[in-house]
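**Student:** The structure file coords.cif (mmCIF, C-alpha atoms, pLDDT in the B column; chains and numbers go by the auth columns) is provided below.
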data_query
#
loop_
_atom_site.group_PDB
_atom_site.id
_atom_site.type_symbol
_atom_site.label_atom_id
_atom_site.label_comp_id
_atom_site.label_asym_id
_atom_site.label_seq_id
_atom_site.Cartn_x
_atom_site.Cartn_y
_atom_site.Cartn_z
_atom_site.B_iso_or_equiv
_atom_site.auth_seq_id
_atom_site.auth_asym_id
ATOM 1 C CA MET A 1 34.069 -0.995 -68.703 94.00 705 A
ATOM 2 C CA ILE A 2 35.855 1.098 -66.117 94.00 706 A
ATOM 3 C CA GLU A 3 36.724 -0.253 -62.669 97.00 707 A
ATOM 4 C CA VAL A 4 35.622 1.964 -59.784 97.00 708 A
ATOM 5 C CA ASP A 5 36.217 2.312 -56.073 95.00 709 A
ATOM 6 C CA VAL A 6 33.404 2.941 -53.621 95.00 710 A
ATOM 7 C CA LEU A 7 34.207 6.162 -51.782 93.00 711 A
ATOM 8 C CA GLY A 8 31.222 5.712 -49.508 90.00 712 A
ATOM 9 C CA VAL A 9 27.731 6.882 -48.726 93.00 713 A
ATOM 10 C CA ARG A 10 26.325 10.117 -47.394 89.00 714 A
ATOM 11 C CA VAL A 11 22.992 11.852 -47.031 87.00 715 A
ATOM 12 C CA GLU A 12 22.463 14.519 -49.661 82.00 716 A
ATOM 13 C CA THR A 13 20.889 17.774 -48.545 81.00 717 A
ATOM 14 C CA PRO A 14 18.262 19.168 -48.870 81.00 718 A
ATOM 15 C CA THR A 15 16.559 15.943 -50.049 82.00 719 A
ATOM 16 C CA ASN A 16 17.904 13.837 -47.139 85.00 720 A
ATOM 17 C CA GLN A 17 18.336 11.005 -49.604 89.00 721 A
ATOM 18 C CA PRO A 18 21.445 8.793 -49.394 93.00 722 A
ATOM 19 C CA ILE A 19 23.915 8.624 -52.259 93.00 723 A
ATOM 20 C CA VAL A 20 26.802 6.298 -52.928 95.00 724 A
ATOM 21 C CA LEU A 21 29.801 7.878 -54.600 94.00 725 A
ATOM 22 C CA LEU A 22 31.969 5.829 -56.951 95.00 726 A
ATOM 23 C CA ARG A 23 35.294 6.992 -58.370 95.00 727 A
ATOM 24 C CA GLU A 24 36.975 5.866 -61.534 94.00 728 A
ATOM 25 C CA ARG A 25 40.103 3.945 -60.587 93.00 729 A
ATOM 26 C CA GLY A 26 43.136 5.875 -61.773 88.00 730 A
ATOM 27 C CA GLY A 27 40.966 8.698 -63.100 87.00 731 A
ATOM 28 C CA GLU A 28 39.201 11.884 -62.115 88.00 732 A
ATOM 29 C CA ARG A 29 35.570 10.979 -62.788 92.00 733 A
ATOM 30 C CA TYR A 30 32.995 10.303 -60.097 95.00 734 A
ATOM 31 C CA LEU A 31 29.586 8.675 -60.311 95.00 735 A
ATOM 32 C CA PRO A 32 26.966 9.611 -57.698 94.00 736 A
ATOM 33 C CA ILE A 33 24.004 7.243 -57.415 95.00 737 A
ATOM 34 C CA TRP A 34 21.027 8.047 -55.229 93.00 738 A
ATOM 35 C CA ILE A 35 20.009 4.951 -53.261 94.00 739 A
ATOM 36 C CA GLY A 36 17.606 3.820 -50.570 91.00 740 A
ATOM 37 C CA ALA A 37 18.380 4.099 -46.871 90.00 741 A
ATOM 38 C CA ALA A 38 18.497 0.335 -46.307 90.00 742 A
ATOM 39 C CA GLU A 39 21.059 -0.097 -49.071 92.00 743 A
ATOM 40 C CA ALA A 40 23.059 2.871 -47.769 93.00 744 A
ATOM 41 C CA THR A 41 23.194 1.179 -44.381 91.00 745 A
ATOM 42 C CA ALA A 42 24.265 -2.120 -45.971 92.00 746 A
ATOM 43 C CA ILE A 43 27.069 -0.395 -47.888 93.00 747 A
ATOM 44 C CA ALA A 44 28.212 1.564 -44.818 92.00 748 A
ATOM 45 C CA TYR A 45 28.212 -1.608 -42.692 91.00 749 A
ATOM 46 C CA ALA A 46 30.370 -3.410 -45.270 92.00 750 A
ATOM 47 C CA GLN A 47 32.836 -0.523 -45.527 92.00 751 A
ATOM 48 C CA GLN A 48 33.136 -0.188 -41.758 91.00 752 A
ATOM 49 C CA GLY A 49 33.383 -3.937 -41.122 89.00 753 A
ATOM 50 C CA VAL A 50 30.249 -3.912 -38.950 90.00 754 A
ATOM 51 C CA ILE A 51 28.799 -7.352 -38.335 87.00 755 A
ATOM 52 C CA PRO A 52 25.101 -7.022 -37.503 86.00 756 A
ATOM 53 C CA PRO A 53 23.593 -9.290 -34.834 88.00 757 A
ATOM 54 C CA ARG A 54 21.523 -10.952 -37.552 88.00 758 A
ATOM 55 C CA PRO A 55 22.590 -11.187 -41.208 87.00 759 A
ATOM 56 C CA LEU A 56 21.353 -8.513 -43.567 88.00 760 A
ATOM 57 C CA THR A 57 20.075 -9.562 -46.986 91.00 761 A
ATOM 58 C CA HIS A 58 23.470 -8.951 -48.608 93.00 762 A
ATOM 59 C CA ASP A 59 25.209 -11.035 -45.935 92.00 763 A
ATOM 60 C CA LEU A 60 22.726 -13.821 -46.627 93.00 764 A
ATOM 61 C CA LEU A 61 23.403 -13.614 -50.367 95.00 765 A
ATOM 62 C CA LYS A 62 27.149 -13.834 -49.762 95.00 766 A
ATOM 63 C CA GLU A 63 26.703 -16.872 -47.510 94.00 767 A
ATOM 64 C CA LEU A 64 24.423 -18.478 -50.106 95.00 768 A
ATOM 65 C CA LEU A 65 26.999 -17.961 -52.863 96.00 769 A
ATOM 66 C CA ASP A 66 29.727 -19.390 -50.624 95.00 770 A
ATOM 67 C CA ALA A 67 27.646 -22.388 -49.528 96.00 771 A
ATOM 68 C CA LEU A 68 26.777 -23.256 -53.134 96.00 772 A
ATOM 69 C CA GLY A 69 30.370 -22.816 -54.287 96.00 773 A
ATOM 70 C CA HIS A 70 29.679 -19.852 -56.563 97.00 774 A
ATOM 71 C CA THR A 71 31.670 -16.665 -57.057 97.00 775 A
ATOM 72 C CA LEU A 72 30.524 -13.145 -57.760 97.00 776 A
ATOM 73 C CA VAL A 73 32.957 -12.372 -60.571 97.00 777 A
ATOM 74 C CA GLN A 74 31.994 -8.717 -60.942 97.00 778 A
ATOM 75 C CA VAL A 75 29.235 -6.158 -60.628 98.00 779 A
ATOM 76 C CA ARG A 76 28.598 -4.130 -63.764 98.00 780 A
ATOM 77 C CA ILE A 77 26.732 -0.842 -63.706 97.00 781 A
ATOM 78 C CA ASP A 78 25.972 -1.076 -67.350 95.00 782 A
ATOM 79 C CA GLU A 79 23.072 1.146 -68.220 95.00 783 A
ATOM 80 C CA MET A 80 21.108 4.250 -67.348 94.00 784 A
ATOM 81 C CA ARG A 81 17.600 4.753 -68.716 93.00 785 A
ATOM 82 C CA ASP A 82 15.328 7.643 -67.744 92.00 786 A
ATOM 83 C CA LYS A 83 17.777 8.606 -64.959 90.00 787 A
ATOM 84 C CA VAL A 84 17.567 5.082 -63.456 94.00 788 A
ATOM 85 C CA PHE A 85 20.749 3.006 -63.147 96.00 789 A
ATOM 86 C CA PHE A 86 20.797 -0.712 -64.023 97.00 790 A
ATOM 87 C CA ALA A 87 23.372 -3.268 -62.949 97.00 791 A
ATOM 88 C CA THR A 88 24.300 -6.847 -63.688 98.00 792 A
ATOM 89 C CA LEU A 89 25.798 -9.378 -61.293 98.00 793 A
ATOM 90 C CA VAL A 90 28.149 -11.789 -63.046 98.00 794 A
ATOM 91 C CA VAL A 91 28.127 -15.064 -61.092 97.00 795 A
ATOM 92 C CA ASP A 92 30.252 -17.823 -62.609 95.00 796 A
ATOM 93 C CA GLY A 93 29.412 -16.646 -66.129 90.00 797 A
ATOM 94 C CA HIS A 94 25.700 -16.159 -65.448 96.00 798 A
ATOM 95 C CA GLU A 95 24.288 -12.640 -65.664 97.00 799 A
ATOM 96 C CA ILE A 96 21.680 -11.537 -63.136 97.00 800 A
ATOM 97 C CA SER A 97 19.888 -8.193 -63.284 97.00 801 A
ATOM 98 C CA ALA A 98 20.214 -6.130 -60.092 96.00 802 A
ATOM 99 C CA ARG A 99 19.950 -2.662 -58.652 96.00 803 A
ATOM 100 C CA PRO A 100 23.371 -1.009 -58.452 97.00 804 A
ATOM 101 C CA SER A 101 23.023 -0.460 -54.692 96.00 805 A
ATOM 102 C CA ASP A 102 22.448 -4.163 -54.073 96.00 806 A
ATOM 103 C CA GLY A 103 25.312 -5.066 -56.379 97.00 807 A
ATOM 104 C CA ILE A 104 27.652 -2.642 -54.602 97.00 808 A
ATOM 105 C CA ALA A 105 26.666 -3.956 -51.149 96.00 809 A
ATOM 106 C CA LEU A 106 27.289 -7.537 -52.292 96.00 810 A
ATOM 107 C CA ALA A 107 30.546 -6.677 -54.091 97.00 811 A
ATOM 108 C CA LEU A 108 31.931 -5.077 -50.931 96.00 812 A
ATOM 109 C CA ARG A 109 31.154 -8.246 -48.956 95.00 813 A
ATOM 110 C CA THR A 110 32.768 -10.531 -51.541 95.00 814 A
ATOM 111 C CA ALA A 111 35.691 -8.267 -52.525 96.00 815 A
ATOM 112 C CA SER A 112 34.462 -8.396 -56.127 97.00 816 A
ATOM 113 C CA PRO A 113 35.280 -5.699 -58.667 97.00 817 A
ATOM 114 C CA ILE A 114 32.706 -3.073 -59.625 98.00 818 A
ATOM 115 C CA VAL A 115 32.837 -1.737 -63.174 98.00 819 A
ATOM 116 C CA VAL A 116 30.883 1.011 -64.913 97.00 820 A
ATOM 117 C CA ALA A 117 30.112 1.310 -68.614 97.00 821 A
ATOM 118 C CA GLU A 118 31.713 4.254 -70.382 95.00 822 A
ATOM 119 C CA SER A 119 28.245 5.330 -71.564 95.00 823 A
ATOM 120 C CA VAL A 120 27.055 5.578 -67.926 96.00 824 A
ATOM 121 C CA PHE A 121 30.019 7.799 -67.055 93.00 825 A
ATOM 122 C CA ASP A 122 29.237 9.880 -70.152 91.00 826 A
ATOM 123 C CA ASP A 123 25.608 10.314 -69.062 92.00 827 A
ATOM 124 C CA ALA A 124 25.953 10.734 -65.294 93.00 828 A
ATOM 125 C CA GLY A 125 29.621 11.028 -64.361 92.00 829 A
ATOM 126 C CA ILE A 126 31.157 14.187 -63.027 91.00 830 A
ATOM 127 C CA THR A 127 34.753 15.361 -63.178 88.00 831 A
ATOM 128 C CA MET A 128 36.225 17.215 -60.250 77.00 832 A
ATOM 129 C CA ALA A 129 38.649 20.018 -60.947 65.00 833 A
ATOM 130 C CA PRO A 130 41.761 20.092 -58.727 57.00 834 A
ATOM 131 C CA GLU A 131 40.302 22.943 -56.672 57.00 835 A
ATOM 132 C CA GLU A 132 37.299 20.727 -55.893 58.00 836 A
ATOM 133 C CA ASP A 133 39.551 18.236 -54.127 57.00 837 A
ATOM 134 C CA ASP A 134 38.695 20.006 -50.858 61.00 838 A
ATOM 135 C CA GLU A 135 35.072 18.953 -51.313 61.00 839 A
ATOM 136 C CA VAL A 136 36.165 15.356 -51.885 61.00 840 A
ATOM 137 C CA GLU A 137 38.330 15.554 -48.763 63.00 841 A
ATOM 138 C CA ARG A 138 35.369 16.866 -46.742 62.00 842 A
ATOM 139 C CA PHE A 139 33.311 13.977 -48.132 63.00 843 A
ATOM 140 C CA ARG A 140 35.969 11.497 -47.002 61.00 844 A
ATOM 141 C CA GLU A 141 36.020 13.083 -43.536 63.00 845 A
ATOM 142 C CA PHE A 142 32.250 12.713 -43.422 61.00 846 A
ATOM 143 C CA LEU A 143 32.614 9.034 -44.366 60.00 847 A
ATOM 144 C CA ASP A 144 35.075 8.525 -41.544 61.00 848 A
ATOM 145 C CA ASN A 145 32.509 9.794 -39.045 62.00 849 A
ATOM 146 C CA VAL A 146 29.178 8.571 -40.443 61.00 850 A
ATOM 147 C CA THR A 147 27.455 5.575 -38.886 63.00 851 A
ATOM 148 C CA PRO A 148 24.748 3.392 -40.429 61.00 852 A
ATOM 149 C CA GLU A 149 22.316 4.738 -37.848 62.00 853 A
ATOM 150 C CA ASP A 150 22.607 8.170 -39.492 60.00 854 A
ATOM 151 C CA PHE A 151 20.377 6.998 -42.324 59.00 855 A
ATOM 152 C CA GLU A 152 16.644 7.407 -42.115 53.00 856 A
ATOM 153 C CA ALA A 153 14.047 4.713 -42.732 52.00 857 A
ATOM 154 C CA PRO A 154 13.909 3.505 -46.355 48.00 858 A
ATOM 155 C CA ASP A 155 11.476 5.040 -48.799 52.00 859 A
ATOM 156 C CA ASP A 156 10.205 3.841 -52.147 48.00 860 A
ATOM 157 C CA SER A 157 12.857 5.571 -54.259 47.00 861 A
ATOM 158 C CA GLU A 158 16.295 4.235 -54.929 51.00 862 A
ATOM 159 C CA ASP A 159 18.996 3.982 -57.556 53.00 863 A
ATOM 160 C CA HIS A 160 17.869 7.120 -59.401 49.00 864 A
ATOM 161 C CA PHE A 161 18.160 10.854 -59.321 45.00 865 A
ATOM 162 C CA PRO A 162 15.827 12.525 -56.792 45.00 866 A
ATOM 163 C CA GLU A 163 14.381 14.969 -59.263 44.00 867 A
ATOM 164 C CA HIS A 164 12.985 12.050 -61.244 38.00 868 A
ATOM 165 C CA LYS A 165 11.092 10.173 -58.545 37.00 869 A
ATOM 166 C CA ASP A 166 8.394 7.812 -59.756 34.00 870 A
#
Could you write out this file's structure as structure tokens?

**Tutor:**
Amino acid sequence: MIEVDVLGVRVETPTNQPIVLLRERGGERYLPIWIGAAEATAIAYAQQGVIPPRPLTHDLLKELLDALGHTLVQVRIDEMRDKVFFATLVVDGHEISARPSDGIALALRTASPIVVAESVFDDAGITMAPEEDDEVERFREFLDNVTPEDFEAPDDSEDHFPEHKD
């Protein structure tokens, strides 16, 4: 398993579907995951430190874990089948199946590590050449200026590649 950092979320054109971009810690590989708008907003809120007037689902889950004395040990993005990503939440030794976007949103709220299986990087990871660093820098600038309100209403597709919608 490879630990990753969450670079952020953005809306991919021309599909107007949000993606979350993960980067291998200490490496050059990136993992883009297409997600739903609600999850994109939840991730953006967590990264920007926005506290909504009423708790979002991921805030509620964090509070529930805290109130029950449990710890999210890690989020594992451990599989990809038919272009769909699968994740596992590890809570005090118990494994709970989850969508990667939900796991990422919860991990950001609990400061828990996110790890990706080598096989997932092999299947869906991309490596940026040094000359592509400008694109990454433009992406970071976008992240500095994006707000959760920039995301459209959620649709029925998430955590998979847009060309393989169900």

**Student:** Any chance you could tabulate, as JSON lines, the residues of region 768-834 of chain A at most 6 Å from region 725-747 of chain A with each one's nearest atom pair and distance in Å to one decimal, using only C-alpha atoms, in chain and rising number order?

**Tutor:**
{"residue": "A:Ser805", "atom": "CA", "partner": "A:Glu743", "partner_atom": "CA", "distance": 6.0}
{"residue": "A:Ala809", "atom": "CA", "partner": "A:Ile747", "partner_atom": "CA", "distance": 4.8}
{"residue": "A:Gly829", "atom": "CA", "partner": "A:Leu735", "partner_atom": "CA", "distance": 4.7}
{"residue": "A:Ile830", "atom": "CA", "partner": "A:Tyr734", "partner_atom": "CA", "distance": 5.2}
{"residue": "A:Thr831", "atom": "CA", "partner": "A:Arg733", "partner_atom": "CA", "distance": 4.5}

**Student:** Could you pull the residues within 9 Å of Ile706 (chain A), counting only C-alpha atoms, minus those fewer than 6 positions along the same chain, as a PyMOL selection string?

**Tutor:** chain A and resi 728-729+818-822+825

**Student:** Once the PyMOL selection byres ((chain A and resi 761-764) around 12) has been applied to the shown file, what residues remain in the selection, as a ChimeraX atom specification?

**Tutor:** /A:742-747,749-750,753-760,765-771,805-814

**Student:** How big is the axis-aligned box around the listed atoms of region 820-825 of chain A once 6 Å is added on each side, and where is its centre? Give both in Å to one decimal, as AutoDock Vina command-line options.

**Tutor:**
--center_x 29.4 --center_y 4.4 --center_z -68.2 --size_x 16.7 --size_y 18.8 --size_z 18.7

**Student:** If we count only C-alpha atoms, what is near Thr792 (chain A) at a cut-off of 6 Å, once residues fewer than 2 positions away on the same chain are taken out, given as a PDB file with C-alpha atoms, keeping the file's coordinate frame?

**Tutor:**
ATOM      1  CA  VAL A 779      29.235  -6.158 -60.628  1.00 98.00           C
ATOM      2  CA  ARG A 780      28.598  -4.130 -63.764  1.00 98.00           C
ATOM      3  CA  ILE A 800      21.680 -11.537 -63.136  1.00 97.00           C
ATOM      4  CA  SER A 801      19.888  -8.193 -63.284  1.00 97.00           C
ATOM      5  CA  ALA A 802      20.214  -6.130 -60.092  1.00 96.00           C
TER       6      ALA A 802
END

**Student:** Skipping near chain neighbours, those fewer than 3 positions away, what residues fall within 10 Å of Gly797 (chain A) using all atoms listed in the file, listed as a short mmCIF file (atom, residue, chain, number, x, y, z; two decimals) with C-alpha atoms, in the coordinates of the input?

**Tutor:**
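Dumped to selection.cif:
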data_model
loop_
_atom_site.label_atom_id
_atom_site.label_comp_id
_atom_site.auth_asym_id
_atom_site.auth_seq_id
_atom_site.Cartn_x
_atom_site.Cartn_y
_atom_site.Cartn_z
CA THR A 775 31.67 -16.66 -57.06
CA LEU A 776 30.52 -13.14 -57.76
CA VAL A 777 32.96 -12.37 -60.57
CA GLN A 778 31.99 -8.72 -60.94
CA LEU A 793 25.80 -9.38 -61.29
CA VAL A 794 28.15 -11.79 -63.05
CA ILE A 800 21.68 -11.54 -63.14
#

**Student:** For a test of reading the model, state the distance in Å between CA of Met784 (chain A) and CA of Ser823 (chain A), rounded to one decimal.

**Tutor:**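 Value for the CA of Met784 (chain A)-CA of Ser823 (chain A) distance: 8.4 Å.
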
**Student:** Rounded to one decimal place, report the CA of Leu772 (chain A)-CA of His798 (chain A) distance in Å.

**Tutor:**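 Value for the CA of Leu772 (chain A)-CA of His798 (chain A) distance: 14.3 Å.
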
**Student:** For a test of reading the model, state the distance in Å between CA of Asp826 (chain A) and CA of Glu783 (chain A), rounded to one decimal.

**Tutor:**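 These two atoms are separated by 10.9 Å.
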
**Student:** Of the candidates A:Gly712, A:Pro817, A:Gly773, A:Pro804, which one gets nearest to Val788 (chain A) if we count all atoms listed in the file?

**Tutor:**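 Looking only at the distances to Val788 (chain A), the closest residue turns out to be A:Pro804.
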
**Student:** Closest to Gln752 (chain A) among A:Ala828, A:Val713, A:Asp796, A:Val708, using only C-alpha atoms?

**Tutor:**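 Nearest candidate to Gln752 (chain A) out of A:Ala828, A:Val713, A:Asp796, A:Val708: A:Val713.
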